[in-house]
>>> print(open('start_21.cif').read())   # mmCIF, C-alpha atoms
data_run
loop_
_atom_site.label_atom_id
_atom_site.label_comp_id
_atom_site.auth_asym_id
_atom_site.auth_seq_id
_atom_site.Cartn_x
_atom_site.Cartn_y
_atom_site.Cartn_z
CA MET C 1 0.00 0.00 0.00
CA GLY C 2 1.18 3.57 0.52
CA GLN C 3 2.59 5.09 -2.63
CA LEU C 4 1.05 4.22 -5.95
CA ASN C 5 3.47 3.10 -8.59
CA LEU C 6 1.83 4.60 -11.64
CA ALA C 7 3.99 5.52 -14.60
CA ASN C 8 4.07 9.20 -15.44
CA ALA C 9 2.48 8.40 -18.78
CA ASP C 10 -0.46 6.80 -16.99
CA LEU C 11 -0.82 9.77 -14.67
CA ILE C 12 -0.94 12.07 -17.66
CA LYS C 13 -3.57 9.86 -19.30
CA TYR C 14 -5.66 9.96 -16.13
CA GLN C 15 -5.37 13.72 -15.86
CA ASN C 16 -6.31 14.22 -19.52
CA ILE C 17 -9.42 12.07 -19.24
CA LEU C 18 -10.44 13.61 -15.93
CA SER C 19 -9.94 17.14 -17.27
CA ALA C 20 -12.11 16.34 -20.28
CA LEU C 21 -14.80 14.94 -17.98
CA TYR C 22 -14.56 17.95 -15.69
CA ASN C 23 -14.99 20.37 -18.60
CA ILE C 24 -18.01 18.56 -20.00
CA LEU C 25 -19.66 18.38 -16.59
CA GLU C 26 -19.07 22.09 -15.92
CA GLU C 27 -20.31 23.10 -19.37
CA THR C 28 -23.48 21.06 -18.90
CA ASN C 29 -24.22 22.51 -15.45
CA ASN C 30 -23.38 19.36 -13.54
CA SER C 31 -21.15 21.03 -10.97
CA PRO C 32 -21.69 18.50 -8.13
CA GLN C 33 -20.37 15.73 -10.38
CA ALA C 34 -17.56 18.01 -11.64
CA ASN C 35 -16.49 18.46 -8.01
CA ILE C 36 -16.27 14.68 -7.62
CA ILE C 37 -13.87 14.64 -10.57
CA LEU C 38 -11.83 17.35 -8.85
CA ASP C 39 -11.52 15.09 -5.78
CA VAL C 40 -10.18 12.30 -7.99
CA GLN C 41 -7.68 14.69 -9.59
CA ASN C 42 -6.52 15.87 -6.17
CA ALA C 43 -5.98 12.28 -5.02
CA LEU C 44 -3.97 11.56 -8.16
CA ASN C 45 -1.78 14.60 -7.56
CA LYS C 46 -0.99 13.34 -4.05
CA LYS C 47 -0.15 9.88 -5.46
CA ASN C 48 -1.56 8.04 -2.45
CA TYR C 49 -2.47 4.48 -3.46
CA ASN C 50 -5.34 4.03 -0.99
CA ASP C 51 -6.93 7.38 -1.75
CA ILE C 52 -6.67 6.95 -5.49
CA ARG C 53 -8.20 3.48 -5.42
CA LYS C 54 -10.99 4.70 -3.12
CA VAL C 55 -12.00 7.77 -5.08
CA LEU C 56 -11.70 6.09 -8.46
CA ASN C 57 -13.95 3.23 -7.34
CA SER C 58 -16.26 5.28 -5.18
CA VAL C 59 -20.02 5.23 -5.05
CA ASP C 60 -19.84 8.91 -6.05
CA MET C 61 -18.31 7.88 -9.37
CA TRP C 62 -20.17 4.65 -10.19
CA GLY C 63 -23.17 4.43 -7.87
CA GLY C 64 -26.86 5.13 -8.47
CA ALA C 65 -28.78 8.36 -9.05
CA GLY C 66 -26.41 11.32 -8.99
CA ALA C 67 -23.19 9.43 -9.60
CA VAL C 68 -20.84 10.81 -12.23
CA TRP C 69 -21.34 8.09 -14.83
CA GLU C 70 -25.15 8.28 -14.91
CA VAL C 71 -25.50 12.04 -15.15
CA TYR C 72 -28.04 13.32 -17.67
CA ILE C 73 -26.62 15.47 -20.45
CA ASP C 74 -29.15 17.13 -22.71
CA ASN C 75 -26.72 18.04 -25.50
CA GLU C 76 -26.21 14.99 -27.72
CA ILE C 77 -22.67 15.89 -28.81
CA GLN C 78 -21.56 16.53 -25.25
CA GLU C 79 -23.26 13.34 -24.11
CA LYS C 80 -21.41 11.30 -26.74
CA LYS C 81 -18.08 12.86 -25.74
CA PHE C 82 -18.86 12.21 -22.09
CA LYS C 83 -19.58 8.53 -22.70
CA GLN C 84 -16.35 8.16 -24.69
CA GLU C 85 -14.32 9.67 -21.87
CA ILE C 86 -16.02 7.45 -19.27
CA ILE C 87 -15.21 4.39 -21.39
CA LYS C 88 -11.58 5.58 -21.71
CA LEU C 89 -11.42 6.00 -17.94
CA ILE C 90 -12.69 2.47 -17.31
CA ASP C 91 -10.18 1.09 -19.83
CA LEU C 92 -7.35 2.95 -18.16
CA MET C 93 -8.43 1.78 -14.70
CA GLU C 94 -8.37 -1.76 -16.01
CA GLU C 95 -4.92 -1.33 -17.59
CA THR C 96 -3.51 0.08 -14.37
CA ASN C 97 -5.17 -2.59 -12.18
CA LEU C 98 -7.34 -0.07 -10.36
CA LEU C 99 -10.71 -1.27 -11.58
CA GLY C 100 -13.12 -2.39 -8.86
CA SER C 101 -16.01 -4.81 -9.19
CA GLY C 102 -19.24 -3.85 -10.90
CA ILE C 103 -17.73 -1.08 -12.99
CA LYS C 104 -16.87 -3.01 -16.13
CA ARG C 105 -20.57 -3.56 -16.71
CA ILE C 106 -20.99 0.20 -17.07
CA LYS C 107 -18.64 0.20 -20.05
CA LYS C 108 -20.82 -2.40 -21.75
CA ILE C 109 -23.97 -0.40 -21.02
CA LEU C 110 -22.47 2.79 -22.41
CA LYS C 111 -21.20 1.06 -25.54
CA GLU C 112 -24.61 -0.48 -26.23
CA ASP C 113 -26.42 2.78 -25.58
CA MET K 1 -82.74 -3.23 -17.98
CA GLY K 2 -80.99 -5.48 -15.51
CA ILE K 3 -81.82 -4.87 -11.86
CA ALA K 4 -84.44 -2.30 -12.83
CA SER K 5 -86.39 -5.04 -14.55
CA GLY K 6 -85.99 -7.26 -11.52
CA LYS K 7 -83.55 -9.67 -13.15
CA PRO K 8 -79.83 -8.85 -12.95
CA THR K 9 -77.81 -9.35 -16.13
CA THR K 10 -74.21 -10.46 -16.48
CA GLY K 11 -73.20 -6.81 -16.93
CA ASP K 12 -74.78 -5.90 -13.60
CA TYR K 13 -72.77 -8.59 -11.87
CA ALA K 14 -69.60 -7.32 -13.58
CA ASN K 15 -70.28 -3.73 -12.49
CA LEU K 16 -70.98 -4.88 -8.95
CA GLY K 17 -67.70 -6.82 -8.99
CA LEU K 18 -65.80 -3.79 -10.26
CA SER K 19 -67.27 -1.56 -7.60
CA LEU K 20 -66.30 -4.04 -4.89
CA PHE K 21 -62.85 -4.72 -6.33
CA PRO K 22 -61.62 -1.59 -8.13
CA TYR K 23 -58.32 -3.30 -9.01
CA ALA K 24 -60.25 -5.65 -11.23
CA ARG K 25 -60.78 -2.73 -13.62
CA ASN K 26 -57.00 -2.33 -13.93
CA ILE K 27 -56.57 -6.03 -14.55
CA ASN K 28 -59.32 -5.86 -17.13
CA ASN K 29 -57.59 -2.92 -18.85
CA THR K 30 -54.24 -4.68 -18.70
CA VAL K 31 -55.65 -7.82 -20.31
CA ARG K 32 -57.22 -5.70 -23.03
CA GLN K 33 -53.92 -3.84 -23.56
CA VAL K 34 -51.90 -7.05 -23.78
CA SER K 35 -54.25 -8.64 -26.24
CA SER K 36 -54.21 -5.62 -28.52
CA GLU K 37 -50.56 -4.49 -28.28
CA GLY K 38 -48.56 -7.42 -26.93
CA VAL K 39 -46.64 -7.92 -23.70
CA GLY K 40 -44.04 -5.29 -24.66
CA SER K 41 -46.58 -2.55 -24.20
CA LEU K 42 -47.25 -3.44 -20.58
CA ARG K 43 -46.14 -0.73 -18.20
CA VAL K 44 -44.23 -1.23 -14.98
CA SER K 45 -43.50 1.31 -12.27
CA VAL K 46 -39.94 2.52 -11.79
CA TYR K 47 -38.46 4.75 -9.10
CA ARG K 48 -35.66 7.23 -8.68
CA VAL K 49 -34.51 8.83 -5.43
CA TYR K 50 -32.96 12.22 -6.08
CA GLY K 51 -32.29 15.68 -4.68
CA GLY K 52 -29.37 17.97 -3.96
CA GLY K 53 -26.72 17.36 -6.60
CA SER K 54 -28.71 14.54 -8.13
CA SER K 55 -31.16 15.58 -10.80
CA MET K 56 -34.48 13.94 -11.53
CA TYR K 57 -33.26 13.67 -15.11
CA GLY K 58 -30.64 10.97 -14.62
CA ARG K 59 -30.24 7.52 -16.13
CA SER K 60 -30.54 5.29 -13.04
CA TYR K 61 -33.90 3.91 -12.03
CA SER K 62 -35.06 1.06 -9.85
CA LEU K 63 -37.83 -1.47 -10.21
CA ILE K 64 -37.95 -1.71 -6.42
CA ASN K 65 -40.03 0.81 -4.50
CA PRO K 66 -37.46 2.47 -2.20
CA ARG K 67 -40.10 3.00 0.49
CA TYR K 68 -40.03 -0.71 1.23
CA VAL K 69 -36.26 -1.04 1.44
CA PRO K 70 -34.56 -0.18 4.72
CA TYR K 71 -31.12 1.40 4.27
CA TYR K 72 -31.99 2.08 0.63
CA ARG K 73 -29.11 4.53 0.23
CA ASN K 74 -26.59 1.86 1.11
CA PHE K 75 -28.12 -0.94 -0.94
CA ALA K 76 -28.77 1.20 -4.01
CA GLY K 77 -25.42 2.98 -3.82
CA LEU K 78 -26.64 6.55 -3.73
CA PRO K 79 -23.72 8.96 -3.99
CA SER K 80 -23.13 11.60 -1.32
CA VAL K 81 -24.31 14.40 -3.64
CA ASN K 82 -27.76 12.80 -3.67
CA SER K 83 -29.68 14.30 -0.74
CA GLY K 84 -32.47 11.70 -1.06
CA GLU K 85 -35.17 14.32 -0.56
CA TYR K 86 -37.42 13.31 -3.43
CA LEU K 87 -38.87 10.14 -4.82
CA LEU K 88 -39.90 10.05 -8.44
CA ARG K 89 -42.20 7.37 -9.80
CA GLY K 90 -42.82 6.84 -13.46
CA SER K 91 -43.66 3.98 -15.69
CA LEU K 92 -41.81 2.24 -18.47
CA GLN K 93 -43.04 0.01 -21.20
CA PHE K 94 -41.85 -3.55 -20.76
CA LYS K 95 -40.03 -3.47 -24.08
CA ASP K 96 -38.03 -0.39 -23.01
CA ILE K 97 -36.66 -1.91 -19.82
CA ASN K 98 -32.88 -1.97 -19.86
CA VAL K 99 -31.35 -3.75 -16.89
CA GLY K 100 -27.95 -2.16 -16.42
CA ARG K 101 -26.61 -4.16 -13.51
CA LEU K 102 -28.49 -7.13 -12.09
CA PHE K 103 -27.47 -5.94 -8.63
CA ALA K 104 -26.18 -2.56 -7.51
CA ALA K 105 -22.40 -2.84 -7.30
CA PRO K 106 -20.57 -2.96 -3.98
CA LEU K 107 -18.31 0.06 -4.37
CA GLU K 108 -16.14 2.13 -2.06
CA GLY K 109 -18.74 3.58 0.30
CA ASN K 110 -21.71 1.22 0.00
CA THR K 111 -22.82 -2.38 0.30
CA GLY K 112 -24.77 -2.58 -2.94
CA GLY K 113 -26.97 -5.54 -3.76
CA LEU K 114 -30.25 -3.88 -4.69
CA PRO K 115 -31.57 -5.95 -7.59
CA PHE K 116 -32.40 -4.70 -11.08
CA GLU K 117 -30.61 -1.42 -11.50
CA LEU K 118 -32.11 0.08 -14.64
CA TYR K 119 -30.35 2.34 -17.10
CA GLN K 120 -32.92 4.31 -19.06
CA LYS K 121 -33.26 7.37 -21.20
CA TYR K 122 -35.39 10.01 -19.54
CA ASP K 123 -37.75 10.28 -22.51
CA GLN K 124 -38.69 6.61 -22.06
CA LEU K 125 -40.22 7.47 -18.71
CA GLN K 126 -43.99 7.95 -18.77
CA ASN K 127 -46.17 9.82 -16.28
CA PRO K 128 -43.38 10.87 -13.89
CA VAL K 129 -44.73 12.09 -10.55
CA ASN K 130 -43.08 12.99 -7.28
CA LEU K 131 -44.30 10.92 -4.36
CA ILE K 132 -44.62 12.24 -0.84
CA ILE K 133 -42.03 10.79 1.50
CA ASN K 134 -41.89 11.10 5.26
CA LYS K 135 -38.13 11.22 5.59
CA LYS K 136 -35.08 11.43 3.39
CA PHE K 137 -33.50 8.30 2.04
#
>>> encode(input="start_21.cif", output="structure tokens")
Amino acid sequence: MGQLNLANADLIKYQNILSALYNILEETNNSPQANIILDVQNALNKKNYNDIRKVLNSVDMWGGAGAVWEVYIDNEIQEKKFKQEIIKLIDLMEETNLLGSGIKRIKKILKED
Amino acid sequence: MGIASGKPTTGDYANLGLSLFPYARNINNTVRQVSSEGVGSLRVSVYRVYGGGSSMYGRSYSLINPRYVPYYRNFAGLPSVNSGEYLLRGSLQFKDINVGRLFAAPLEGNTGGLPFELYQKYDQLQNPVNLIINKKF
């Protein structure tokens, strides 16, 4: 435990995806969910393994009504971009062995949508 | 005719039955609906607890009425931004039901396990109404 051994390239990928998600959420007036993304970014900056795993797999990210992944976006283009970024995030979490249970299913749902 | 003529007809008995058992009318309507449009047109009730940072216009719905589930927040995996102040009930056509996860996932911060987590588009939801709740979820 303790320090997370993520390559710098992976950290940059995480930050890029999270920034894209943050921007979409702010532009579509979903500030509470944008703030959740900020928490994830802060944990990544601190590079604490436990915190990163917790916030990335949290109920705030992947839970029920109000979680980041299920947010309603009225604008179709923004919604499509949002789904793509969420799928990228799940892929990256899987690549870096940070993916918790029950989240992979979301990728399938979003792809089928 | 019927009772007025002193001899009740079948229709009179049916009306009496419907007045005694109002749900029978719904069943009757449902049977008529199924026979004319198929099972896919049947409607089922779905629920969404929301409030605070959680909008009523999200994608997550539940087939389970939250009022009958103790510790709903924990089992359903409501995020902290969801204040749980409101309960929305709508209906979906059977053919539109999209089960996202069979059970709510056990994530960091909840137990999960609530069955049939639905992932729907808001425009699929029919007759959405807010129900009165006594306390927050």
>>> residues_near_point(input="start_21.cif", point="(4.1, 4.0, -12.7)", cutoff="12 Å", atoms="only C-alpha atoms", output="compact mmCIF listing (two decimals) with C-alpha atoms, in the coordinates of the input")
# COMPACT_ATOMS: atom_id res chain seq x y z
CA GLN C 3 2.59 5.09 -2.63
CA LEU C 4 1.05 4.22 -5.95
CA ASN C 5 3.47 3.10 -8.59
CA LEU C 6 1.83 4.60 -11.64
CA ALA C 7 3.99 5.52 -14.60
CA ASN C 8 4.07 9.20 -15.44
CA ALA C 9 2.48 8.40 -18.78
CA ASP C 10 -0.46 6.80 -16.99
CA LEU C 11 -0.82 9.77 -14.67
CA ILE C 12 -0.94 12.07 -17.66
CA LYS C 13 -3.57 9.86 -19.30
CA TYR C 14 -5.66 9.96 -16.13
CA LEU C 44 -3.97 11.56 -8.16
CA LYS C 47 -0.15 9.88 -5.46
CA TYR C 49 -2.47 4.48 -3.46
CA GLU C 95 -4.92 -1.33 -17.59
CA THR C 96 -3.51 0.08 -14.37
CA ASN C 97 -5.17 -2.59 -12.18
>>> resolve_selection(input="start_21.cif", expression="the PyMOL selection byres ((chain C) within 7 of (chain K))", output="number ranges by chain")
C: 32, 54, 57-60, 63-67, 70-72, 101-102, 105, 109
>>> atom_distance(input="start_21.cif", atom1="CA of Leu87 in chain K", atom2="CA of Ile106 in chain C")
23.8 Å
>>> atom_distance(input="start_21.cif", atom1="CA of Pro66 in chain K", atom2="CA of Trp62 in chain C")
19.2 Å
>>> resolve_selection(input="start_21.cif", expression="the PyMOL selection byres ((chain C and resi 89) around 10)", output="list in words")
Lys13, Tyr14, Asn16, Ile17, Leu18, Leu21, Leu56, Lys83, Gln84, Glu85, Ile86, Ile87, Lys88, Ile90, Asp91, Leu92, Met93, Glu94, Glu95, Leu99 and Lys107 of chain C
>>> write_last_selection(input="start_21.cif", atoms="C-alpha atoms", output="mmCIF file, in the frame of the given file")
data_model
loop_
_atom_site.group_PDB
_atom_site.id
_atom_site.type_symbol
_atom_site.label_atom_id
_atom_site.label_comp_id
_atom_site.auth_asym_id
_atom_site.auth_seq_id
_atom_site.Cartn_x
_atom_site.Cartn_y
_atom_site.Cartn_z
ATOM 1 C CA LYS C 13 -3.570 9.860 -19.300
ATOM 2 C CA TYR C 14 -5.660 9.960 -16.130
ATOM 3 C CA ASN C 16 -6.310 14.220 -19.520
ATOM 4 C CA ILE C 17 -9.420 12.070 -19.240
ATOM 5 C CA LEU C 18 -10.440 13.610 -15.930
ATOM 6 C CA LEU C 21 -14.800 14.940 -17.980
ATOM 7 C CA LEU C 56 -11.700 6.090 -8.460
ATOM 8 C CA LYS C 83 -19.580 8.530 -22.700
ATOM 9 C CA GLN C 84 -16.350 8.160 -24.690
ATOM 10 C CA GLU C 85 -14.320 9.670 -21.870
ATOM 11 C CA ILE C 86 -16.020 7.450 -19.270
ATOM 12 C CA ILE C 87 -15.210 4.390 -21.390
ATOM 13 C CA LYS C 88 -11.580 5.580 -21.710
ATOM 14 C CA ILE C 90 -12.690 2.470 -17.310
ATOM 15 C CA ASP C 91 -10.180 1.090 -19.830
ATOM 16 C CA LEU C 92 -7.350 2.950 -18.160
ATOM 17 C CA MET C 93 -8.430 1.780 -14.700
ATOM 18 C CA GLU C 94 -8.370 -1.760 -16.010
ATOM 19 C CA GLU C 95 -4.920 -1.330 -17.590
ATOM 20 C CA LEU C 99 -10.710 -1.270 -11.580
ATOM 21 C CA LYS C 107 -18.640 0.200 -20.050
#
>>> build_atoms(input="start_21.cif", residues="range 103-114 of chain K", atoms="N, CA and C atoms", output="mmCIF file, in the coordinates of the input")
data_model
loop_
_atom_site.group_PDB
_atom_site.id
_atom_site.type_symbol
_atom_site.label_atom_id
_atom_site.label_comp_id
_atom_site.auth_asym_id
_atom_site.auth_seq_id
_atom_site.Cartn_x
_atom_site.Cartn_y
_atom_site.Cartn_z
ATOM 1 N N PHE K 103 -27.478 -6.399 -10.024
ATOM 2 C CA PHE K 103 -27.470 -5.940 -8.630
ATOM 3 C C PHE K 103 -26.597 -4.698 -8.547
ATOM 4 N N ALA K 104 -27.007 -3.751 -7.714
ATOM 5 C CA ALA K 104 -26.180 -2.560 -7.510
ATOM 6 C C ALA K 104 -24.806 -3.003 -7.022
ATOM 7 N N ALA K 105 -23.775 -2.387 -7.580
ATOM 8 C CA ALA K 105 -22.400 -2.840 -7.300
ATOM 9 C C ALA K 105 -21.954 -2.462 -5.893
ATOM 10 N N PRO K 106 -21.193 -3.350 -5.255
ATOM 11 C CA PRO K 106 -20.570 -2.960 -3.980
ATOM 12 C C PRO K 106 -19.321 -2.126 -4.280
ATOM 13 N N LEU K 107 -19.419 -0.837 -4.029
ATOM 14 C CA LEU K 107 -18.310 0.060 -4.370
ATOM 15 C C LEU K 107 -17.668 0.573 -3.086
ATOM 16 N N GLU K 108 -16.717 1.476 -3.235
ATOM 17 C CA GLU K 108 -16.140 2.130 -2.060
ATOM 18 C C GLU K 108 -17.200 3.045 -1.485
ATOM 19 N N GLY K 109 -17.768 2.699 -0.340
ATOM 20 C CA GLY K 109 -18.740 3.580 0.300
ATOM 21 C C GLY K 109 -20.148 3.022 0.362
ATOM 22 N N ASN K 110 -20.367 1.809 -0.135
ATOM 23 C CA ASN K 110 -21.710 1.220 0.000
ATOM 24 C C ASN K 110 -21.638 -0.298 -0.072
ATOM 25 N N THR K 111 -22.749 -0.920 0.337
ATOM 26 C CA THR K 111 -22.820 -2.380 0.300
ATOM 27 C C THR K 111 -23.283 -2.888 -1.050
ATOM 28 N N GLY K 112 -24.214 -2.139 -1.673
ATOM 29 C CA GLY K 112 -24.770 -2.580 -2.940
ATOM 30 C C GLY K 112 -25.740 -3.729 -2.742
ATOM 31 N N GLY K 113 -26.136 -4.346 -3.837
ATOM 32 C CA GLY K 113 -26.970 -5.540 -3.760
ATOM 33 C C GLY K 113 -28.418 -5.335 -4.150
ATOM 34 N N LEU K 114 -28.859 -4.091 -4.298
ATOM 35 C CA LEU K 114 -30.250 -3.880 -4.690
ATOM 36 C C LEU K 114 -30.449 -4.441 -6.109
#
